[in-house]
>>> print(open('structure-v9.txt').read())   # compact mmCIF, C-alpha atoms
# COMPACT_ATOMS: atom_id res chain seq x y z
CA MET A 1 48.48 65.00 66.47
CA ASN A 2 52.06 64.16 65.54
CA SER A 3 53.40 62.93 68.85
CA GLN A 4 53.55 59.17 69.20
CA THR A 5 52.21 59.39 72.76
CA GLU A 6 49.15 61.34 71.63
CA LYS A 7 47.91 58.64 69.27
CA PRO A 8 44.98 56.61 70.61
CA LEU A 9 46.05 53.38 72.28
CA THR A 10 44.59 50.08 71.22
CA PHE A 11 42.91 47.94 73.86
CA ASN A 12 45.99 45.71 74.09
CA GLN A 13 48.28 48.73 74.44
CA SER A 14 46.13 50.09 77.27
CA ILE A 15 46.41 46.76 79.08
CA GLU A 16 50.15 46.73 78.47
CA ALA A 17 50.47 50.22 80.02
CA GLU A 18 48.51 49.02 83.07
CA ARG A 19 50.72 45.94 83.34
CA GLY A 20 53.77 48.18 83.04
CA ILE A 21 52.80 50.49 85.87
CA ILE A 22 51.92 47.64 88.26
CA ALA A 23 55.17 45.86 87.43
CA SER A 24 57.08 49.12 87.98
CA ILE A 25 55.61 49.43 91.47
CA LEU A 26 56.53 45.85 92.35
CA VAL A 27 60.05 46.31 90.99
CA ASN A 28 60.58 49.53 92.95
CA SER A 29 57.89 50.79 95.31
CA LYS A 30 59.46 54.29 95.31
CA ALA A 31 57.78 54.78 91.93
CA MET A 32 54.58 55.41 93.90
CA ASP A 33 55.99 58.76 95.08
CA GLU A 34 55.63 60.15 91.55
CA ILE A 35 52.35 58.55 90.49
CA ALA A 36 50.22 57.96 93.59
CA ALA A 37 48.36 61.28 93.28
CA SER A 38 47.77 61.04 89.54
CA LEU A 39 45.76 57.81 89.26
CA SER A 40 42.62 56.39 90.85
CA ASP A 41 41.08 52.92 90.82
CA ASP A 42 38.60 53.75 88.06
CA ASP A 43 41.41 54.71 85.67
CA PHE A 44 42.13 50.99 85.14
CA ILE A 45 40.11 48.88 82.72
CA THR A 46 41.52 45.50 83.81
CA ASP A 47 40.07 44.13 87.04
CA SER A 48 43.28 42.43 88.17
CA TYR A 49 45.44 45.53 87.73
CA ARG A 50 42.73 47.70 89.33
CA HIS A 51 42.73 45.46 92.41
CA ILE A 52 46.53 45.52 92.66
CA TRP A 53 46.64 49.30 92.25
CA SER A 54 43.98 49.75 94.93
CA ALA A 55 45.94 47.53 97.33
CA ALA A 56 49.22 49.34 96.58
CA LYS A 57 47.58 52.75 97.08
CA LYS A 58 46.14 51.73 100.45
CA LEU A 59 49.56 50.51 101.57
CA TYR A 60 51.17 53.69 100.31
CA ASP A 61 48.64 55.92 102.10
CA ALA A 62 49.27 53.97 105.31
CA ASN A 63 53.06 54.36 104.83
CA GLU A 64 53.48 50.57 104.78
CA PRO A 65 55.93 48.58 102.59
CA ILE A 66 54.78 47.72 99.07
CA ASP A 67 55.94 44.37 97.72
CA VAL A 68 54.57 41.04 96.52
CA ILE A 69 53.90 39.79 100.06
CA THR A 70 52.17 42.93 101.44
CA ILE A 71 50.05 43.34 98.32
CA SER A 72 49.05 39.65 98.31
CA ASN A 73 48.05 39.94 101.97
CA ARG A 74 45.94 43.01 101.19
CA LEU A 75 44.31 41.26 98.22
CA GLN A 76 43.65 38.23 100.42
CA GLN A 77 41.89 40.48 102.92
CA ASP A 78 39.79 41.89 100.09
CA LYS A 79 39.03 38.31 98.95
CA VAL A 80 40.18 38.91 95.39
CA LEU A 81 43.66 37.32 95.38
CA GLU A 82 42.68 34.00 93.83
CA GLU A 83 40.30 35.38 91.20
CA MET A 84 43.07 37.56 89.77
CA GLY A 85 45.71 34.84 89.50
CA GLY A 86 47.06 34.42 93.02
CA LEU A 87 50.56 34.92 94.32
CA SER A 88 52.12 33.45 91.18
CA PHE A 89 50.62 36.24 89.05
CA LEU A 90 52.10 38.91 91.35
CA THR A 91 55.46 37.15 91.30
CA SER A 92 55.51 37.05 87.50
CA LEU A 93 54.87 40.80 87.38
CA ALA A 94 57.65 41.48 89.88
CA ASN A 95 60.07 39.40 87.79
CA SER A 96 59.18 41.11 84.51
CA GLU A 97 61.53 43.38 82.56
CA TYR A 98 59.75 46.65 83.36
CA THR A 99 61.68 49.41 85.12
CA ALA A 100 60.38 51.94 87.63
CA SER A 101 61.70 54.89 85.62
CA TYR A 102 58.90 54.39 83.08
CA ALA A 103 56.13 54.58 85.70
CA PRO A 104 55.30 58.30 85.13
CA HIS A 105 55.04 57.66 81.38
CA TYR A 106 52.69 54.71 81.91
CA ALA A 107 50.62 56.82 84.34
CA LYS A 108 50.11 59.55 81.73
CA LEU A 109 49.01 57.00 79.13
CA ILE A 110 46.56 55.36 81.54
CA LYS A 111 45.11 58.68 82.69
CA ARG A 112 44.72 59.93 79.12
CA GLU A 113 42.81 56.81 78.04
CA SER A 114 40.73 56.95 81.20
CA VAL A 115 39.68 60.55 80.55
CA LYS A 116 38.71 59.63 76.99
CA ARG A 117 36.55 56.74 78.24
CA LYS A 118 34.91 59.03 80.78
CA GLY A 119 34.31 61.55 78.02
CA MET A 120 32.42 58.91 76.05
CA THR A 121 30.43 58.02 79.15
CA LEU A 122 29.75 61.71 79.76
CA SER A 123 28.30 62.09 76.26
CA GLU A 124 26.00 59.12 76.92
CA ASP A 125 24.96 60.54 80.30
CA ILE A 126 24.18 63.93 78.71
CA ARG A 127 22.07 62.22 76.05
CA ARG A 128 20.20 60.19 78.68
CA LEU A 129 19.68 63.25 80.89
CA THR A 130 18.34 65.24 77.94
CA LEU A 131 15.98 62.50 76.76
CA GLU A 132 14.61 61.81 80.24
CA ASP A 133 13.70 65.51 80.59
CA ASP A 134 13.76 65.10 84.37
CA PHE A 135 14.39 68.73 85.32
CA GLU A 136 12.10 71.67 86.02
CA THR A 137 14.13 74.65 84.79
CA ILE A 138 16.86 75.33 82.26
CA GLU A 139 19.12 76.44 85.12
CA GLU A 140 18.67 73.07 86.85
CA TYR A 141 19.50 71.30 83.58
CA MET A 142 22.67 73.38 83.12
CA GLN A 143 23.74 72.70 86.70
CA LEU A 144 23.28 68.96 86.14
CA LEU A 145 25.42 69.16 83.00
CA ASP A 146 28.06 71.12 84.86
CA SER A 147 28.15 68.57 87.70
CA LEU A 148 28.66 65.78 85.17
CA TYR A 149 31.54 67.66 83.58
CA THR A 150 33.13 68.48 86.95
CA TYR A 151 32.92 64.82 88.03
CA MET A 152 34.92 63.59 85.06
CA ARG A 153 37.58 66.32 85.18
CA PRO A 154 40.91 64.79 86.24
CA ASP A 155 42.56 65.88 89.45
CA THR A 156 45.07 68.56 88.50
CA SER A 157 46.67 69.05 91.90
CA GLY A 158 50.38 69.64 91.53
CA LYS A 159 53.40 68.25 93.30
CA MET A 160 55.85 69.87 95.68
CA LYS A 161 58.65 71.68 93.85
CA SER A 162 61.99 73.07 95.01
CA PHE A 163 63.50 76.52 94.48
CA SER A 164 66.10 75.16 92.07
CA GLU A 165 63.75 73.34 89.71
CA THR A 166 61.44 76.37 89.43
CA GLN A 167 64.16 79.01 88.93
CA GLU A 168 63.70 79.27 85.17
CA ASP A 169 59.90 79.49 85.49
CA TYR A 170 60.22 82.19 88.15
CA PHE A 171 62.39 84.54 86.12
CA GLU A 172 60.22 83.95 83.07
CA PHE A 173 57.28 84.98 85.27
CA LEU A 174 59.13 88.16 86.31
CA SER A 175 59.85 89.11 82.72
CA SER A 176 56.26 88.57 81.60
CA THR A 177 53.65 91.32 81.48
CA THR A 178 51.68 91.63 84.70
CA GLU A 179 48.18 90.19 84.54
CA ASN A 180 46.76 92.56 87.14
CA ILE A 181 43.68 94.45 85.99
CA GLN A 182 43.32 98.20 86.39
CA THR A 183 40.29 99.50 88.29
CA GLY A 184 40.27 102.90 86.57
CA PHE A 185 41.13 104.71 89.82
CA ARG A 186 44.68 105.96 89.32
CA ASN A 187 45.76 106.38 92.94
CA PHE A 188 44.65 102.89 93.88
CA ASP A 189 46.08 101.31 90.71
CA GLU A 190 49.48 102.99 91.13
CA TRP A 191 49.65 101.86 94.74
CA SER A 192 48.40 98.29 94.27
CA GLY A 193 49.37 97.57 90.67
CA GLY A 194 45.70 96.80 90.00
CA ILE A 195 43.67 93.83 91.16
CA GLY A 196 44.92 90.34 90.49
CA ARG A 197 43.26 87.50 88.65
CA GLY A 198 41.99 85.11 91.29
CA TRP A 199 41.37 87.84 93.86
CA LEU A 200 38.20 88.17 95.92
CA TYR A 201 37.51 91.90 96.40
CA ILE A 202 34.96 92.94 99.03
CA LEU A 203 33.60 96.48 98.66
CA ALA A 204 31.58 97.46 101.73
CA GLY A 205 29.84 100.52 103.04
CA ARG A 206 26.66 101.72 104.64
CA PRO A 207 23.53 102.50 102.60
CA SER A 208 23.65 105.53 100.26
CA ILE A 209 27.43 105.83 100.34
CA GLY A 210 27.68 105.03 96.62
CA LYS A 211 28.94 101.43 96.66
CA THR A 212 27.08 100.52 93.48
CA ALA A 213 28.28 103.65 91.67
CA LYS A 214 31.93 102.93 92.47
CA ALA A 215 31.59 99.23 91.65
CA MET A 216 29.94 99.99 88.31
CA GLN A 217 32.72 102.41 87.46
CA MET A 218 35.25 99.68 88.16
CA ALA A 219 33.30 97.16 86.08
CA ALA A 220 32.87 99.62 83.20
CA SER A 221 36.58 100.43 83.23
CA ILE A 222 37.56 96.73 83.20
CA SER A 223 35.18 96.07 80.30
CA LYS A 224 37.15 98.56 78.18
CA GLN A 225 40.52 96.87 78.70
CA ASN A 226 40.10 93.82 76.47
CA VAL A 227 40.79 91.46 79.36
CA GLY A 228 37.64 89.36 79.02
CA ASP A 229 33.91 89.62 79.62
CA VAL A 230 32.67 91.48 82.70
CA LEU A 231 29.71 89.68 84.30
CA VAL A 232 27.44 91.66 86.63
CA TRP A 233 24.71 90.23 88.85
CA SER A 234 22.44 93.05 90.00
CA GLN A 235 19.89 92.03 92.63
CA GLU A 236 18.53 95.44 93.63
CA MET A 237 18.44 97.32 90.34
CA THR A 238 17.20 96.47 86.88
CA PHE A 239 19.50 96.65 83.88
CA ASN A 240 17.87 99.95 82.89
CA GLN A 241 18.50 101.40 86.33
CA LEU A 242 22.16 100.42 86.05
CA LYS A 243 22.28 101.97 82.60
CA ASN A 244 20.95 105.22 84.06
CA ARG A 245 23.99 105.38 86.32
CA ILE A 246 26.59 104.15 83.86
CA LEU A 247 25.43 106.36 81.01
CA SER A 248 25.17 109.39 83.28
CA THR A 249 28.84 108.84 84.17
CA GLU A 250 29.85 108.19 80.56
CA SER A 251 27.89 111.07 78.99
CA GLY A 252 27.87 113.70 81.73
CA VAL A 253 24.07 113.98 81.48
CA ASN A 254 22.49 114.80 84.84
CA PHE A 255 21.46 111.58 86.62
CA SER A 256 18.33 113.08 88.14
CA ARG A 257 17.08 114.17 84.73
CA ILE A 258 17.71 110.68 83.33
CA ARG A 259 15.92 109.06 86.27
CA LYS A 260 12.93 111.42 85.98
CA LYS A 261 12.96 111.14 82.16
CA THR A 262 12.93 114.92 81.77
CA LEU A 263 15.53 115.01 79.02
CA ASP A 264 15.83 117.49 76.20
CA PRO A 265 16.74 116.29 72.66
CA PHE A 266 20.38 117.30 73.08
CA GLU A 267 20.70 115.16 76.23
CA VAL A 268 19.05 112.20 74.52
CA ASP A 269 21.58 112.48 71.70
CA ARG A 270 24.44 112.49 74.20
CA LEU A 271 23.03 109.38 75.85
CA LYS A 272 22.67 107.64 72.49
CA GLU A 273 26.25 108.50 71.63
CA ALA A 274 27.50 107.19 74.98
CA HIS A 275 25.42 104.02 74.62
CA ALA A 276 26.73 103.38 71.10
CA LYS A 277 30.30 103.79 72.31
CA PHE A 278 29.71 101.46 75.29
CA ASN A 279 28.16 98.79 73.04
CA SER A 280 31.62 97.54 72.08
CA ASN A 281 32.53 96.78 75.71
CA ALA A 282 32.31 93.20 76.95
CA PHE A 283 29.79 94.09 79.68
CA TYR A 284 26.92 91.73 80.62
CA VAL A 285 24.25 92.09 83.29
CA GLU A 286 21.74 89.69 84.85
CA ASP A 287 19.20 91.63 86.91
CA SER A 288 17.69 88.79 88.94
CA ALA A 289 16.95 88.89 92.66
CA GLY A 290 18.00 86.04 94.90
CA VAL A 291 20.55 84.35 92.64
CA THR A 292 22.38 81.31 94.00
CA ILE A 293 26.09 80.65 94.12
CA ASP A 294 25.46 77.51 92.03
CA HIS A 295 23.92 79.61 89.27
CA ILE A 296 26.82 82.08 89.26
CA VAL A 297 29.41 79.29 89.23
CA ALA A 298 27.67 77.43 86.38
CA THR A 299 27.26 80.61 84.30
CA ALA A 300 30.86 81.70 84.84
CA ARG A 301 32.23 78.28 83.91
CA GLN A 302 30.10 78.17 80.78
CA ILE A 303 31.30 81.60 79.62
CA LYS A 304 34.90 80.75 80.53
CA ARG A 305 34.74 77.63 78.34
CA LYS A 306 33.06 79.53 75.53
CA LYS A 307 35.09 82.76 75.57
CA GLY A 308 38.37 81.61 77.12
CA GLN A 309 38.71 84.49 79.59
CA ILE A 310 36.62 86.52 82.02
CA GLY A 311 37.68 90.03 82.96
CA ALA A 312 35.75 90.32 86.23
CA ILE A 313 32.63 89.20 88.06
CA LEU A 314 30.62 91.67 90.14
CA VAL A 315 27.79 90.75 92.52
CA ASP A 316 25.58 93.45 94.07
CA TYR A 317 25.29 92.39 96.80
CA LEU A 318 26.29 89.33 98.88
CA THR A 319 23.49 88.97 101.42
CA ARG A 320 20.77 89.60 98.82
CA MET A 321 21.66 86.24 97.33
CA ASN A 322 19.60 83.13 97.91
CA ILE A 323 21.93 81.54 100.44
CA LYS A 324 21.16 78.04 101.67
CA GLN A 325 21.34 77.71 105.44
CA ASN A 326 21.69 74.13 106.62
CA LYS A 327 20.05 72.88 109.77
CA GLY A 328 22.04 73.96 112.80
CA GLU A 329 24.21 76.30 110.73
CA THR A 330 24.48 79.97 111.68
CA TRP A 331 23.67 82.58 109.06
CA SER A 332 27.20 83.97 109.34
CA ARG A 333 28.65 80.53 108.60
CA ALA A 334 26.30 80.05 105.63
CA VAL A 335 27.38 83.43 104.19
CA GLY A 336 30.99 82.47 104.82
CA GLU A 337 30.59 79.25 102.83
CA VAL A 338 29.33 81.29 99.88
CA ALA A 339 32.30 83.66 100.22
CA LYS A 340 34.60 80.63 100.22
CA ARG A 341 33.06 79.34 97.01
CA PHE A 342 33.48 82.76 95.41
CA LYS A 343 37.18 82.64 96.29
CA TRP A 344 37.48 79.14 94.80
CA LEU A 345 35.69 80.32 91.66
CA ALA A 346 38.00 83.34 91.32
CA GLN A 347 41.03 81.04 91.47
CA GLU A 348 39.49 78.43 89.18
CA ILE A 349 38.57 80.76 86.32
CA GLN A 350 41.36 83.26 87.02
CA CYS A 351 39.43 86.50 87.27
CA PRO A 352 38.81 89.00 90.07
CA ILE A 353 35.43 88.72 91.77
CA ILE A 354 34.06 91.93 93.29
CA ILE A 355 31.37 91.47 95.93
CA LEU A 356 29.40 94.31 97.48
CA ALA A 357 28.65 93.94 101.18
CA GLN A 358 27.11 95.90 104.03
CA LEU A 359 28.41 97.13 107.35
CA ASN A 360 26.83 96.56 110.75
CA ARG A 361 25.08 99.44 112.49
CA GLU A 362 27.64 99.29 115.31
CA GLY A 363 30.58 101.62 114.95
CA ALA A 364 28.74 104.01 112.65
CA GLU A 365 31.01 106.85 113.71
CA GLY A 366 34.52 107.12 112.30
CA ALA A 367 36.46 104.74 110.10
CA PRO A 368 34.93 101.25 109.89
CA GLN A 369 36.92 98.29 111.20
CA LEU A 370 36.93 94.70 109.97
CA GLN A 371 34.60 93.66 112.77
CA HIS A 372 31.99 96.08 111.37
CA LEU A 373 31.71 94.01 108.18
CA ARG A 374 28.38 92.22 108.38
CA ASP A 375 28.92 88.46 108.88
CA SER A 376 32.57 89.40 108.90
CA GLY A 377 34.47 86.38 110.23
CA GLU A 378 34.28 84.03 107.25
CA ILE A 379 34.22 86.82 104.64
CA GLU A 380 37.34 88.43 106.08
CA GLN A 381 39.19 85.11 105.93
CA GLU A 382 38.51 84.55 102.22
CA ALA A 383 38.93 88.11 100.91
CA ASP A 384 42.12 89.35 99.26
CA ILE A 385 41.01 92.99 99.42
CA ILE A 386 38.47 94.57 101.76
CA GLU A 387 37.60 98.19 101.01
CA PHE A 388 35.38 100.32 103.23
CA LEU A 389 33.66 103.46 101.94
CA TRP A 390 32.64 106.01 104.58
CA GLN A 391 32.26 109.73 105.23
CA ASP A 392 34.20 111.97 107.57
CA PRO A 393 31.94 114.90 108.57
CA ASP A 394 35.03 117.10 108.92
CA ASP A 395 36.16 116.46 105.33
CA GLN A 396 34.01 118.54 103.01
CA SER A 397 34.20 119.94 99.48
CA ARG A 398 32.03 122.27 97.42
CA ASP A 399 32.62 120.10 94.35
CA GLY A 400 30.94 116.95 95.63
CA VAL A 401 30.77 114.51 98.52
CA VAL A 402 34.18 113.52 99.90
CA VAL A 403 34.21 109.75 100.46
CA GLN A 404 36.93 108.07 102.47
CA SER A 405 38.22 104.72 101.26
CA THR A 406 39.99 102.43 103.72
CA ILE A 407 41.72 99.32 102.43
CA ALA A 408 41.32 97.41 105.69
CA LYS A 409 42.81 94.19 104.32
CA GLY A 410 45.20 93.61 101.44
CA ARG A 411 46.59 90.11 101.27
CA ASP A 412 49.28 91.15 98.75
CA THR A 413 49.08 94.91 99.01
CA GLY A 414 48.92 95.86 102.68
CA ILE A 415 46.52 98.50 104.00
CA GLN A 416 46.04 102.06 102.77
CA SER A 417 43.63 105.00 102.71
CA PHE A 418 42.32 107.01 99.76
CA ARG A 419 39.92 109.90 99.23
CA TYR A 420 37.36 110.17 96.47
CA LEU A 421 35.06 112.92 95.32
CA PHE A 422 31.62 111.54 94.53
CA LYS A 423 29.71 113.67 92.03
CA GLY A 424 26.27 112.27 92.60
CA TRP A 425 24.66 114.28 89.80
CA ILE A 426 26.59 112.16 87.27
CA GLN A 427 27.13 109.13 89.56
CA LYS A 428 30.89 109.46 89.23
CA TYR A 429 33.74 108.79 91.62
CA GLU A 430 36.99 110.66 91.07
CA ASP A 431 40.34 110.48 92.84
CA TYR A 432 40.48 113.42 95.23
CA ASN A 433 43.74 114.97 96.30
CA GLY A 434 42.33 118.28 97.52
>>> encode(input="structure-v9.txt", output="structure tokens")
Amino acid sequence: MNSQTEKPLTFNQSIEAERGIIASILVNSKAMDEIAASLSDDDFITDSYRHIWSAAKKLYDANEPIDVITISNRLQQDKVLEEMGGLSFLTSLANSEYTASYAPHYAKLIKRESVKRKGMTLSEDIRRLTLEDDFETIEEYMQLLDSLYTYMRPDTSGKMKSFSETQEDYFEFLSSTTENIQTGFRNFDEWSGGIGRGWLYILAGRPSIGKTAKAMQMAASISKQNVGDVLVWSQEMTFNQLKNRILSTESGVNFSRIRKKTLDPFEVDRLKEAHAKFNSNAFYVEDSAGVTIDHIVATARQIKRKKGQIGAILVDYLTRMNIKQNKGETWSRAVGEVAKRFKWLAQEIQCPIIILAQLNREGAEGAPQLQHLRDSGEIEQEADIIEFLWQDPDDQSRDGVVVQSTIAKGRDTGIQSFRYLFKGWIQKYEDYNG
């Protein structure tokens, strides 16, 4: 580290930075506008400066004046004024040579040292947790570790910015390569530009419409694009059952013959060739029933930290998960809370999350509507894309099953309709323009 500000501060320098920021506030209370959101009480190592900061923050949050008198009154109420030096100590700080313009610099130094101290504490907590062995499963242990890490992570919420100060960033953004990820379905990708990182994509349909087949095609296509690992949670099918479908699509070997294991040597060779080719794709599957949102979040965060990027997450399907329903909470609300956490996760780790869902029995005829999405209210609110798969009995083809696709919600894209030809004998969806 070559920068002077990146070198570790000595204990005295840390105290001096804390003194500087408190003095800056007393010199000009407007300094709080730039630093109030970036620091908390536990970022300070000196009791006196921690008390003053806490008092100033309370005054700021209440939109009250911040000066020697108001802070001393607040400290008096908290019964800590005398133990930290009294009014004379505050007055000496206000009369010091510090200027408010340095407050953001002091705040960065204090936050940096605070995070380092918390990192040291975190390492001790991890060691204690490991030695105590007070957990029943590895998953529980990993969730405890993740909660410790999340607790120490600094608040990264940004500040309000104007058009003018973000002009350069905006045009740099426009000139950069789009980060949208292609689904492998040309008509949809050309219309939408692909699916965005941070999107929550709900793929819904009634049983036997081919939701899993289409979702697996999307996941397989994304895994070939070098955009990060694709993580699949399959709660109804084993990994081998998923492979049956994926490799049938990839090899062209009849799905029914794979499922029944009535393959001739030539077909086995084609499957081996397809499997060997697919081995290089970043495609991972966990075939566990009843997974929790906590488990998915912890796993995704771990892989994000290890690999740096995730291409997509796919969960088949939402209401098969082990969803905690609190006392007095409706099932729809509980499902909605899980959908909300999926949206947060998508934004946090910057990857699309594709969730399979079911439709209600009502409205079985014709194109599904948003109200037909099971437990729809909360899910609809969080989703960026909602796609319905359904069949129109008047739309037929000799070459396969014609499946209608309705994009019923598109936060950035708008709504649209597509047609696919589902070739069930190789579990493959194709764009259909016939």
>>> residues_around(input="structure-v9.txt", residues="Arg333 in chain A", least_positions_apart="4", cutoff="7 Å", atoms="all atoms listed in the file", output="mmCIF file with C-alpha atoms, keeping the file's coordinate frame")
data_model
loop_
_atom_site.group_PDB
_atom_site.id
_atom_site.type_symbol
_atom_site.label_atom_id
_atom_site.label_comp_id
_atom_site.auth_asym_id
_atom_site.auth_seq_id
_atom_site.Cartn_x
_atom_site.Cartn_y
_atom_site.Cartn_z
ATOM 1 C CA GLU A 329 24.210 76.300 110.730
ATOM 2 C CA GLU A 337 30.590 79.250 102.830
ATOM 3 C CA GLU A 378 34.280 84.030 107.250
#
>>> closest_residue(input="structure-v9.txt", among="A:Ile354, A:Met142, A:Ala100, A:Leu75", to="Ala298 in chain A", atoms="only C-alpha atoms")
A:Met142
>>> atom_distance(input="structure-v9.txt", atom1="CA of Glu132 in chain A", atom2="CA of Tyr149 in chain A")
18.2 Å
>>> residues_around(input="structure-v9.txt", residues="range 172-182 of chain A", least_positions_apart="6", cutoff="12 Å", atoms="all atoms listed in the file", output="PyMOL selection string")
chain A and resi 166+188-199+217-228+230+310-312+350-353+412
>>> closest_residue(input="structure-v9.txt", among="A:Glu387, A:Asp41, A:Asp269, A:Glu34", to="Lys57 in chain A", atoms="all atoms listed in the file")
A:Asp41
>>> closest_residue(input="structure-v9.txt", among="A:Glu430, A:Leu356, A:Ala383, A:Asn279", to="Pro207 in chain A", atoms="all atoms listed in the file")
A:Leu356
>>> closest_residue(input="structure-v9.txt", among="A:Leu263, A:Met216, A:Ile415, A:Val338", to="Phe283 in chain A", atoms="all atoms listed in the file")
A:Met216
>>> closest_residue(input="structure-v9.txt", among="A:Gln416, A:Ala339, A:Ile426, A:Asp43", to="Leu200 in chain A", atoms="only C-alpha atoms")
A:Ala339
>>> closest_residue(input="structure-v9.txt", among="A:Asp229, A:Arg245, A:Leu144, A:Asn326", to="Thr130 in chain A", atoms="only C-alpha atoms")
A:Leu144
>>> atom_distance(input="structure-v9.txt", atom1="CA of Ala23 in chain A", atom2="CA of Asn95 in chain A")
8.1 Å
>>> closest_atom_pairs(input="structure-v9.txt", of="range 159-223 of chain A", to="range 315-325 of chain A", cutoff="10 Å", atoms="all atoms listed in the file", output="Markdown table")
| residue | atom | partner | partner_atom | distance |
| --- | --- | --- | --- | --- |
| A:Ile202 | CA | A:Leu318 | CA | 9.4 |
| A:Leu203 | CA | A:Tyr317 | CA | 9.4 |
| A:Ala204 | CA | A:Tyr317 | CA | 9.5 |
| A:Lys211 | CA | A:Asp316 | CA | 9.0 |
| A:Thr212 | CA | A:Asp316 | CA | 7.3 |
| A:Ala215 | CA | A:Asp316 | CA | 8.7 |
| A:Met216 | CA | A:Asp316 | CA | 9.7 |
>>> atom_distance(input="structure-v9.txt", atom1="CA of Tyr201 in chain A", atom2="CA of Lys343 in chain A")
9.3 Å
>>> residues_around(input="structure-v9.txt", residues="Trp390 in chain A", least_positions_apart="4", cutoff="12 Å", atoms="all atoms listed in the file", output="PyMOL selection string")
chain A and resi 203-211+358-359+363-369+395+401-407+417-422
